[in-house]
>>> print(open('entry-v5.txt').read())   # compact mmCIF, C-alpha atoms
# COMPACT_ATOMS: atom_id res chain seq x y z
CA MET A 1363 129.80 94.62 80.48
CA TRP A 1364 131.38 91.42 81.80
CA ALA A 1365 130.10 92.13 85.31
CA GLY A 1366 126.58 92.49 83.94
CA CYS A 1367 126.88 89.27 81.95
CA GLY A 1368 128.09 87.38 85.01
CA LEU A 1369 125.27 88.73 87.14
CA LEU A 1370 122.71 87.90 84.46
CA ALA A 1371 124.01 84.33 84.32
CA ALA A 1372 123.72 84.11 88.11
CA THR A 1373 120.15 85.43 87.88
CA LEU A 1374 119.20 82.74 85.39
CA VAL A 1375 120.72 80.03 87.57
CA ALA A 1376 118.80 81.32 90.59
CA GLN A 1377 115.58 81.43 88.57
CA CYS A 1378 116.06 77.82 87.49
CA ALA A 1379 116.82 76.73 91.05
CA SER A 1380 113.72 78.54 92.28
CA GLY A 1381 111.54 76.77 89.74
CA VAL A 1382 112.42 73.29 91.00
CA ARG A 1383 112.31 74.03 94.74
CA ALA A 1384 109.34 72.97 96.83
CA ARG A 1385 109.46 76.38 98.57
CA PRO A 1386 110.81 78.79 95.95
CA VAL A 1387 110.05 81.84 98.08
CA GLY A 1388 113.42 81.36 99.80
CA LEU A 1389 115.17 82.53 96.64
CA THR A 1390 112.81 85.41 95.82
CA GLY A 1391 114.83 88.07 97.58
CA ALA A 1392 118.09 86.83 96.07
CA ILE A 1393 116.62 86.84 92.56
CA VAL A 1394 115.32 90.39 92.95
CA LEU A 1395 118.71 91.56 94.24
CA LEU A 1396 120.46 89.88 91.30
CA VAL A 1397 118.08 91.46 88.78
CA ALA A 1398 118.67 94.93 90.25
CA ALA A 1399 122.44 94.41 90.39
CA THR A 1400 122.48 93.16 86.80
CA ALA A 1401 120.45 96.13 85.61
CA VAL A 1402 122.64 98.70 87.31
CA ALA A 1403 125.82 96.98 86.10
CA PHE A 1404 124.70 97.18 82.47
CA ALA A 1405 123.46 100.74 82.94
CA ALA A 1406 126.77 101.80 84.52
CA GLY A 1407 128.68 100.43 81.55
CA ARG A 1408 126.79 102.73 79.17
CA TYR A 1409 125.78 105.75 81.24
CA GLY A 1410 128.40 105.76 84.00
CA PRO A 1411 128.11 104.61 87.62
CA GLY A 1412 126.69 107.89 88.90
CA ARG A 1413 123.82 108.08 86.43
CA ALA A 1414 123.10 104.37 86.77
CA ALA A 1415 122.89 104.68 90.56
CA GLY A 1416 120.75 107.80 90.25
CA ALA A 1417 118.31 106.11 87.90
CA LEU A 1418 118.07 103.02 90.09
CA GLY A 1419 117.61 105.13 93.23
CA GLY A 1420 114.89 107.24 91.62
CA ALA A 1421 113.04 104.15 90.42
CA PHE A 1422 113.37 102.56 93.87
CA ALA A 1423 111.91 105.67 95.50
CA VAL A 1424 108.92 105.74 93.16
CA GLY A 1425 108.22 102.04 93.66
CA TYR A 1426 108.53 102.21 97.43
CA ALA A 1427 106.36 105.33 97.69
CA ALA A 1428 103.64 103.71 95.59
CA GLU A 1429 103.65 100.53 97.68
CA TRP A 1430 103.77 102.44 101.00
CA THR A 1431 100.77 104.48 99.91
CA GLY A 1432 99.02 101.45 98.44
CA VAL A 1433 99.01 99.31 101.58
CA ARG A 1434 97.61 102.23 103.59
CA THR A 1435 95.03 103.71 101.25
CA GLY A 1436 94.33 101.20 98.47
CA VAL A 1437 95.51 103.81 95.95
CA PRO A 1438 96.57 103.27 93.20
CA PHE A 1439 96.38 99.46 92.98
CA GLY A 1440 93.37 98.53 95.08
CA GLU A 1441 93.17 97.28 98.66
CA TYR A 1442 95.85 94.73 99.54
CA ARG A 1443 98.36 93.86 102.22
CA TYR A 1444 101.73 92.16 102.41
CA THR A 1445 102.08 89.06 104.54
CA GLY A 1446 105.15 88.52 106.69
CA VAL A 1447 106.69 86.00 104.29
CA LEU A 1448 109.01 88.34 102.38
CA GLN A 1449 111.53 90.09 104.64
CA PRO A 1450 112.93 92.59 105.47
CA GLN A 1451 110.08 95.06 105.46
CA VAL A 1452 110.08 98.81 106.05
CA GLY A 1453 106.74 100.43 106.73
CA ASP A 1454 104.91 97.17 105.91
CA VAL A 1455 106.53 97.08 102.45
CA PRO A 1456 109.16 94.42 101.59
CA VAL A 1457 112.39 96.07 100.46
CA ALA A 1458 112.62 93.49 97.67
CA VAL A 1459 109.39 94.79 96.14
CA ALA A 1460 110.75 98.31 95.73
CA LEU A 1461 114.00 96.85 94.41
CA ALA A 1462 112.03 94.83 91.85
CA TRP A 1463 110.36 98.03 90.63
CA ALA A 1464 113.82 99.58 90.25
CA GLY A 1465 115.65 96.75 88.50
CA MET A 1466 112.91 95.88 86.04
CA GLY A 1467 112.13 99.57 85.65
CA LEU A 1468 115.58 100.17 84.19
CA ALA A 1469 115.17 97.15 81.91
CA ALA A 1470 111.74 98.31 80.68
CA TYR A 1471 113.09 101.81 80.09
CA ALA A 1472 115.88 100.35 77.94
CA VAL A 1473 113.31 98.41 75.92
CA ALA A 1474 111.28 101.57 75.37
CA THR A 1475 114.37 103.57 74.39
CA ALA A 1476 115.43 100.89 71.92
CA ILE A 1477 111.97 100.92 70.32
CA THR A 1478 111.37 104.66 70.18
CA GLY A 1479 114.91 106.06 70.04
CA PRO A 1480 117.03 107.86 72.65
CA VAL A 1481 116.14 111.44 71.60
CA ALA A 1482 115.91 113.79 74.59
CA GLY A 1483 113.33 116.55 74.95
CA ASN A 1484 109.80 117.10 76.14
CA GLY A 1485 107.86 116.49 72.94
CA ALA A 1486 106.01 113.63 71.37
CA ALA A 1487 109.11 111.41 71.21
CA ARG A 1488 109.57 111.59 74.96
CA ALA A 1489 105.88 110.99 75.65
CA LEU A 1490 105.94 107.90 73.44
CA ARG A 1491 109.07 106.60 75.16
CA LEU A 1492 107.48 106.96 78.59
CA LEU A 1493 104.24 105.29 77.51
CA VAL A 1494 106.03 102.36 75.89
CA GLY A 1495 108.22 101.92 78.96
CA ALA A 1496 105.23 102.03 81.29
CA ALA A 1497 103.41 99.43 79.20
CA ALA A 1498 106.49 97.19 79.09
CA LEU A 1499 106.89 97.32 82.87
CA THR A 1500 103.16 96.74 83.49
CA ALA A 1501 103.31 93.70 81.21
CA TRP A 1502 105.70 92.07 83.69
CA ASP A 1503 103.00 92.17 86.36
CA LEU A 1504 100.88 89.76 84.31
CA PHE A 1505 103.44 87.21 85.52
CA LEU A 1506 104.44 88.74 88.83
CA ASP A 1507 101.12 89.08 90.62
CA PRO A 1508 99.82 85.53 89.96
CA GLN A 1509 103.19 84.08 90.96
CA MET A 1510 103.48 86.08 94.18
CA LEU A 1511 99.90 85.26 95.15
CA ARG A 1512 100.77 81.58 94.78
CA LEU A 1513 103.67 82.11 97.18
CA GLY A 1514 101.50 83.92 99.70
CA LEU A 1515 103.50 87.16 99.62
CA TRP A 1516 100.46 89.43 99.52
CA GLU A 1517 96.66 89.27 99.63
CA TRP A 1518 93.93 91.25 97.90
CA ALA A 1519 90.94 92.44 99.94
CA ARG A 1520 88.68 91.82 96.93
CA PRO A 1521 90.15 89.33 94.47
CA GLY A 1522 89.69 90.10 90.80
CA PRO A 1523 89.16 88.23 87.51
CA TYR A 1524 92.78 87.67 86.48
CA ARG A 1525 93.92 84.78 88.67
CA GLY A 1526 92.60 86.64 91.71
CA VAL A 1527 94.14 89.98 90.70
CA PRO A 1528 91.74 92.97 90.38
CA LEU A 1529 91.90 95.04 87.22
CA THR A 1530 92.52 98.18 89.30
CA ASN A 1531 95.96 96.72 90.01
CA PHE A 1532 97.00 96.96 86.37
CA ALA A 1533 95.66 100.50 86.04
CA GLY A 1534 97.71 101.41 89.11
CA TRP A 1535 100.78 99.68 87.70
CA LEU A 1536 100.48 101.65 84.49
CA ALA A 1537 100.21 104.96 86.36
CA VAL A 1538 103.14 104.23 88.70
CA SER A 1539 105.22 102.86 85.82
CA LEU A 1540 104.62 106.07 83.87
CA LEU A 1541 105.90 108.14 86.80
CA LEU A 1542 108.87 105.80 87.23
CA MET A 1543 109.75 106.12 83.53
CA ALA A 1544 109.62 109.91 83.80
CA VAL A 1545 112.05 109.85 86.73
CA VAL A 1546 114.48 107.50 84.97
CA ASP A 1547 114.17 109.51 81.77
CA ARG A 1548 115.27 112.67 83.58
CA VAL A 1549 118.54 110.92 84.40
CA LEU A 1550 119.23 108.92 81.24
CA ALA A 1551 117.48 110.63 78.31
CA GLY A 1552 119.60 111.61 75.34
CA ARG A 1553 122.55 109.42 76.34
CA GLY A 1554 122.58 107.27 73.23
CA ARG A 1555 121.33 103.79 72.45
CA PRO A 1556 120.43 101.73 75.50
CA PRO A 1557 122.74 98.86 76.48
CA ALA A 1558 121.71 95.57 74.93
CA GLY A 1559 122.36 93.97 78.31
CA LEU A 1560 119.36 95.76 79.82
CA VAL A 1561 117.14 94.56 76.99
CA ALA A 1562 118.54 91.08 77.64
CA VAL A 1563 117.46 91.33 81.29
CA TYR A 1564 113.89 92.11 80.22
CA THR A 1565 113.93 89.36 77.59
CA ALA A 1566 115.33 86.79 80.00
CA MET A 1567 112.59 87.51 82.52
CA ALA A 1568 109.94 87.19 79.81
CA VAL A 1569 111.29 83.84 78.61
CA MET A 1570 111.88 82.39 82.07
CA GLU A 1571 108.42 83.34 83.35
CA THR A 1572 106.71 82.03 80.23
CA VAL A 1573 108.46 78.68 80.49
CA ALA A 1574 107.83 78.49 84.22
CA PHE A 1575 104.06 79.02 83.96
CA ALA A 1576 103.75 76.83 80.88
CA LEU A 1577 105.89 73.87 81.97
CA VAL A 1578 107.49 74.10 85.41
CA PHE A 1579 105.06 75.40 88.04
CA ARG A 1580 102.58 72.97 89.55
CA PRO A 1581 99.88 73.43 88.53
CA THR A 1582 100.90 74.95 85.24
CA ASP A 1583 98.97 77.97 83.99
CA PRO A 1584 98.75 78.31 80.19
CA LEU A 1585 96.64 81.47 80.46
CA VAL A 1586 99.26 83.40 82.43
CA ALA A 1587 102.04 81.97 80.26
CA ALA A 1588 100.29 83.19 77.12
CA ALA A 1589 99.19 86.57 78.47
CA GLY A 1590 102.52 87.46 80.01
CA GLY A 1591 104.53 85.91 77.21
CA VAL A 1592 102.80 87.97 74.54
CA ALA A 1593 102.67 91.18 76.58
CA MET A 1594 106.40 91.06 77.36
CA GLY A 1595 107.47 89.26 74.20
CA VAL A 1596 106.18 91.88 71.77
CA PRO A 1597 108.16 94.84 73.22
CA ALA A 1598 111.23 92.62 73.68
CA ALA A 1599 111.09 91.52 70.04
CA LEU A 1600 110.59 95.09 68.82
CA ALA A 1601 113.51 96.28 70.94
CA TRP A 1602 115.87 93.65 69.52
CA THR A 1603 114.72 94.43 66.00
CA ARG A 1604 115.60 98.10 66.50
CA LEU A 1605 118.88 97.36 68.21
CA VAL A 1606 120.06 94.87 65.62
CA GLY A 1607 118.96 97.06 62.73
CA ASN A 1608 120.14 100.23 64.47
CA ALA A 1609 116.93 101.88 63.34
CA PRO A 1610 114.85 104.06 65.72
CA VAL A 1611 111.14 104.20 65.01
CA GLY A 1612 110.29 106.36 62.03
CA ARG A 1613 113.70 106.49 60.34
CA ARG A 1614 116.79 104.47 59.57
CA ARG A 1615 120.34 105.58 60.24
>>> encode(input="entry-v5.txt", output="structure tokens")
Amino acid sequence: MWAGCGLLAATLVAQCASGVRARPVGLTGAIVLLVAATAVAFAAGRYGPGRAAGALGGAFAVGYAAEWTGVRTGVPFGEYRYTGVLQPQVGDVPVAVALAWAGMGLAAYAVATAITGPVAGNGAARALRLLVGAAALTAWDLFLDPQMLRLGLWEWARPGPYRGVPLTNFAGWLAVSLLLMAVVDRVLAGRGRPPAGLVAVYTAMAVMETVAFALVFRPTDPLVAAAGGVAMGVPAALAWTRLVGNAPVGRRR
């Protein structure tokens, strides 16, 4: 737990430093690495190192495969390409992007598990957990895509209505996130309450991004701050309510 707390503190410091730099892209890779390391540290404390590594690796594979396919076919996000700004890249996909899918994927899965309960199985409870996790992870992209477009990390062939992001992107995110949740769930389902540290990772990202778009970035963007803040804030608040009250959805213990 202490390793996760230390890494989370380092992540917050790096996020703050990035917000005040003229060229924040220099810290992007470091922040993504810290988020992934923090997530796996908290997961290892609850599920064990092997399962934590397996869940992170599975999420990484799903994220990378989706991006590799996306830059070549336009499926499932829409037509886009990565610039050469974010390095290293493998197959025209920045490694940091796949790592971001993995780290925040674990955090979003923990939020979903806190909200819906950790019950294993293939029924309605599992389907709800996967859907909530996919929605929680997709909510993060309401912040991520506008920010990364500002930094020139990727370009859309046909810009869309949400700060240049096409709506197909969010449909693709939801589909990929659902697959990612299913992979993580195969490794971690039924292992008890999720670690609060993973929910803290998700919450910290929601708060930091909201503050950044509302007050720090130049120009500020109240629309993105509000959209992302609400979309991530609601599942984060629900997760903390369930964790603090120790009450899965539908019943109290």
>>> closest_atom_pairs(input="entry-v5.txt", of="segment 1459-1539 of chain A", to="segment 1569-1586 of chain A", cutoff="9 Å", atoms="all atoms listed in the file", output="Markdown table")
| residue | atom | partner | partner_atom | distance |
| --- | --- | --- | --- | --- |
| A:Leu1504 | CA | A:Val1586 | CA | 6.8 |
| A:Phe1505 | CA | A:Val1586 | CA | 6.4 |
| A:Leu1506 | CA | A:Glu1571 | CA | 8.7 |
| A:Pro1508 | CA | A:Val1586 | CA | 7.8 |
| A:Gln1509 | CA | A:Phe1575 | CA | 8.7 |
| A:Tyr1524 | CA | A:Val1586 | CA | 8.8 |
| A:Arg1525 | CA | A:Val1586 | CA | 8.3 |
>>> atom_distance(input="entry-v5.txt", atom1="atom CA of Gly1453 of chain A", atom2="atom CA of Glu1517 of chain A")
16.6 Å
>>> atom_distance(input="entry-v5.txt", atom1="atom CA of Leu1515 of chain A", atom2="atom CA of Gly1446 of chain A")
7.4 Å
>>> closest_atom_pairs(input="entry-v5.txt", of="segment 1499-1564 of chain A", to="segment 1460-1475 of chain A", cutoff="8 Å", atoms="only C-alpha atoms", output="tab-separated table")
residue	atom	partner	partner_atom	distance
A:Leu1499	CA	A:Ala1470	CA	5.4
A:Ser1539	CA	A:Gly1467	CA	7.7
A:Leu1542	CA	A:Gly1467	CA	7.2
A:Met1543	CA	A:Tyr1471	CA	6.4
A:Val1546	CA	A:Leu1468	CA	7.5
A:Asp1547	CA	A:Tyr1471	CA	8.0
A:Arg1555	CA	A:Thr1475	CA	7.2
A:Pro1556	CA	A:Ala1472	CA	5.3
A:Pro1557	CA	A:Ala1472	CA	7.2
A:Leu1560	CA	A:Ala1469	CA	4.9
A:Val1561	CA	A:Val1473	CA	5.5
A:Val1563	CA	A:Ala1469	CA	6.3
A:Tyr1564	CA	A:Ala1469	CA	5.5
>>> atom_distance(input="entry-v5.txt", atom1="atom CA of Ala1403 of chain A", atom2="atom CA of Gly1366 of chain A")
5.0 Å
>>> closest_residue(input="entry-v5.txt", among="A:Arg1413, A:Leu1369, A:Pro1438, A:Cys1378", to="Leu1536 of chain A", atoms="all atoms listed in the file")
A:Pro1438
>>> residues_around(input="entry-v5.txt", residues="Ala1427 of chain A", least_positions_apart="5", cutoff="10 Å", atoms="all atoms listed in the file", output="PyMOL selection string")
chain A and resi 1421-1422+1432+1455+1460+1538
>>> closest_residue(input="entry-v5.txt", among="A:Ala1568, A:Leu1550, A:Cys1367, A:Ile1477", to="Ala1415 of chain A", atoms="all atoms listed in the file")
A:Leu1550
>>> residues_around(input="entry-v5.txt", residues="Gly1416 of chain A", least_positions_apart="4", cutoff="8 Å", atoms="all atoms listed in the file", output="mmCIF file with C-alpha atoms, keeping the file's coordinate frame")
data_model
loop_
_atom_site.group_PDB
_atom_site.id
_atom_site.type_symbol
_atom_site.label_atom_id
_atom_site.label_comp_id
_atom_site.auth_asym_id
_atom_site.auth_seq_id
_atom_site.Cartn_x
_atom_site.Cartn_y
_atom_site.Cartn_z
ATOM 1 C CA GLY A 1412 126.690 107.890 88.900
ATOM 2 C CA GLY A 1420 114.890 107.240 91.620
ATOM 3 C CA VAL A 1549 118.540 110.920 84.400
#
>>> closest_residue(input="entry-v5.txt", among="A:Ala1566, A:Val1494, A:Leu1418, A:Val1545", to="Ala1372 of chain A", atoms="only C-alpha atoms")
A:Ala1566
>>> closest_residue(input="entry-v5.txt", among="A:Tyr1409, A:Trp1430, A:Trp1516, A:Trp1502", to="Thr1445 of chain A", atoms="only C-alpha atoms")
A:Trp1516
>>> closest_residue(input="entry-v5.txt", among="A:Ala1423, A:Val1606, A:Ala1533, A:Ala1599", to="Val1457 of chain A", atoms="all atoms listed in the file")
A:Ala1423
>>> closest_residue(input="entry-v5.txt", among="A:Gly1526, A:Gly1440, A:Gly1425, A:Gly1495", to="Met1510 of chain A", atoms="only C-alpha atoms")
A:Gly1526
>>> residues_around(input="entry-v5.txt", residues="Ala1487 of chain A", least_positions_apart="6", cutoff="8 Å", atoms="all atoms listed in the file", output="list in words")
Thr1478, Gly1479 and Val1481 of chain A
>>> residues_around(input="entry-v5.txt", residues="Val1433 of chain A", least_positions_apart="6", cutoff="8 Å", atoms="all atoms listed in the file", output="MDAnalysis selection string")
chainID A and resid 1441:1444 1454:1455
>>> decode(input="entry-v5.txt", residues="segment 1365-1382 of chain A", atoms="C-alpha atoms", output="tab-separated table (two decimals), in the first residue's frame")
chain	number	residue	atom	x	y	z
A	1365	ALA	CA	4.44	1.92	-2.50
A	1366	GLY	CA	1.16	2.78	-4.21
A	1367	CYS	CA	0.69	5.88	-2.05
A	1368	GLY	CA	4.21	7.08	-2.84
A	1369	LEU	CA	3.72	6.53	-6.56
A	1370	LEU	CA	0.36	8.31	-6.47
A	1371	ALA	CA	1.99	11.29	-4.75
A	1372	ALA	CA	4.69	11.33	-7.43
A	1373	THR	CA	1.99	11.22	-10.12
A	1374	LEU	CA	0.24	14.24	-8.64
A	1375	VAL	CA	3.50	16.17	-8.46
A	1376	ALA	CA	4.25	15.34	-12.09
A	1377	GLN	CA	0.74	16.40	-13.11
A	1378	CYS	CA	1.16	19.74	-11.35
A	1379	ALA	CA	4.57	20.28	-12.95
A	1380	SER	CA	3.12	19.46	-16.36
A	1381	GLY	CA	0.35	22.00	-15.91
A	1382	VAL	CA	2.73	24.93	-15.44
